[in-house]
Amino acid sequence: MDWNRSNAIGLAKASCTLCGGMGMRPIRKTKEAPCNCVFRAVLRACYSRFRDCVNAGSYASTISLEFCRGRDGRRTYSRKREEYMADFCLVSKRLLDGPDYDVFRFHFLLGADWRLCCRQLKLERGNFFHAVYRIEQVLGRAFAELEPYALYPLAEYFRGEIQRETRGFSAGLPLSA
Ligand SMILES: [Zn+2]
């Protein structure tokens, strides 16, 4: 994701005191970076899709045909929903350290509310919510900036390679670019 004012403002929290709802904030005199409220919005969107995928798990997943980027233009079949759930869990496990990963596992993956998490993990309420904020920021940024296939924007992830190839083609770029 290449961040700019127009894609950040759509995700920003209107009442954010850091960016004033603009989504970008200055980091140096001449540079801007997305605000944490933008990353948190990314995580919430990804998490909501993750839960949808889990809930849809009892039904057979649709298989999508994807075009590979390779020189021979091979095609592969994939189960997008399962791939997404695996990516969501693996990236989170890789990026979060011990205590934050515990909060992530209990709260996000197992659905425990703050009371249960605080009791199980022996955390103060304030520390629990600070951890949730930290997790949302770290994962939101990672899900949007992951290379080569970011989880966010979700529409792009679930469209897969077909869309990427089509876009390259319509922009007059060679398919193998
Ligand atoms: Zn903000």
# chains A, B, ... in the order shown; residues from 1 in each chain; ligands from 1

call {"tool": "residues_around", "arguments": {"residues": "Ala33 (chain A)", "least_positions_apart": "2", "cutoff": "12 Å", "atoms": "only C-alpha atoms", "output": "ChimeraX atom specification"}}
result
/A:2-5,7-9,18-19,22-31,35-39,141

call {"tool": "residues_around", "arguments": {"residues": "Met85 (chain A)", "least_positions_apart": "4", "cutoff": "9 Å", "atoms": "only C-alpha atoms", "output": "PyMOL selection string"}}
result
chain A and resi 50-51+53-54+80-81+89-90

call {"tool": "closest_residue", "arguments": {"among": "A:Leu121, A:Phe129, A:Gln137, A:Asp87", "to": "ligand 1", "atoms": "only C-alpha atoms and all ligand atoms"}}
result
A:Gln137

call {"tool": "closest_residue", "arguments": {"among": "A:Ala155, A:Val42, A:Ala112, A:Val91", "to": "Glu136 (chain A)", "atoms": "only C-alpha atoms"}}
result
A:Val42

call {"tool": "atom_distance", "arguments": {"atom1": "CA of Ser48 (chain A)", "atom2": "CA of Gly20 (chain A)"}}
result
25.1 Å

call {"tool": "closest_residue", "arguments": {"among": "A:Ala12, A:Leu123, A:Ala45, A:Thr17", "to": "Leu151 (chain A)", "atoms": "only C-alpha atoms"}}
result
A:Ala45

call {"tool": "atom_distance", "arguments": {"atom1": "CA of Pro34 (chain A)", "atom2": "CA of Phe108 (chain A)"}}
result
23.7 Å

call {"tool": "atom_distance", "arguments": {"atom1": "CA of Ala144 (chain A)", "atom2": "CA of Ala41 (chain A)"}}
result
10.7 Å

call {"tool": "residues_around", "arguments": {"residues": "Tyr101 (chain A)", "least_positions_apart": "5", "cutoff": "12 Å", "atoms": "only C-alpha atoms", "output": "PyMOL selection string"}}
result
chain A and resi 89-96+106-109+121+128+131-132+134-136+138-139
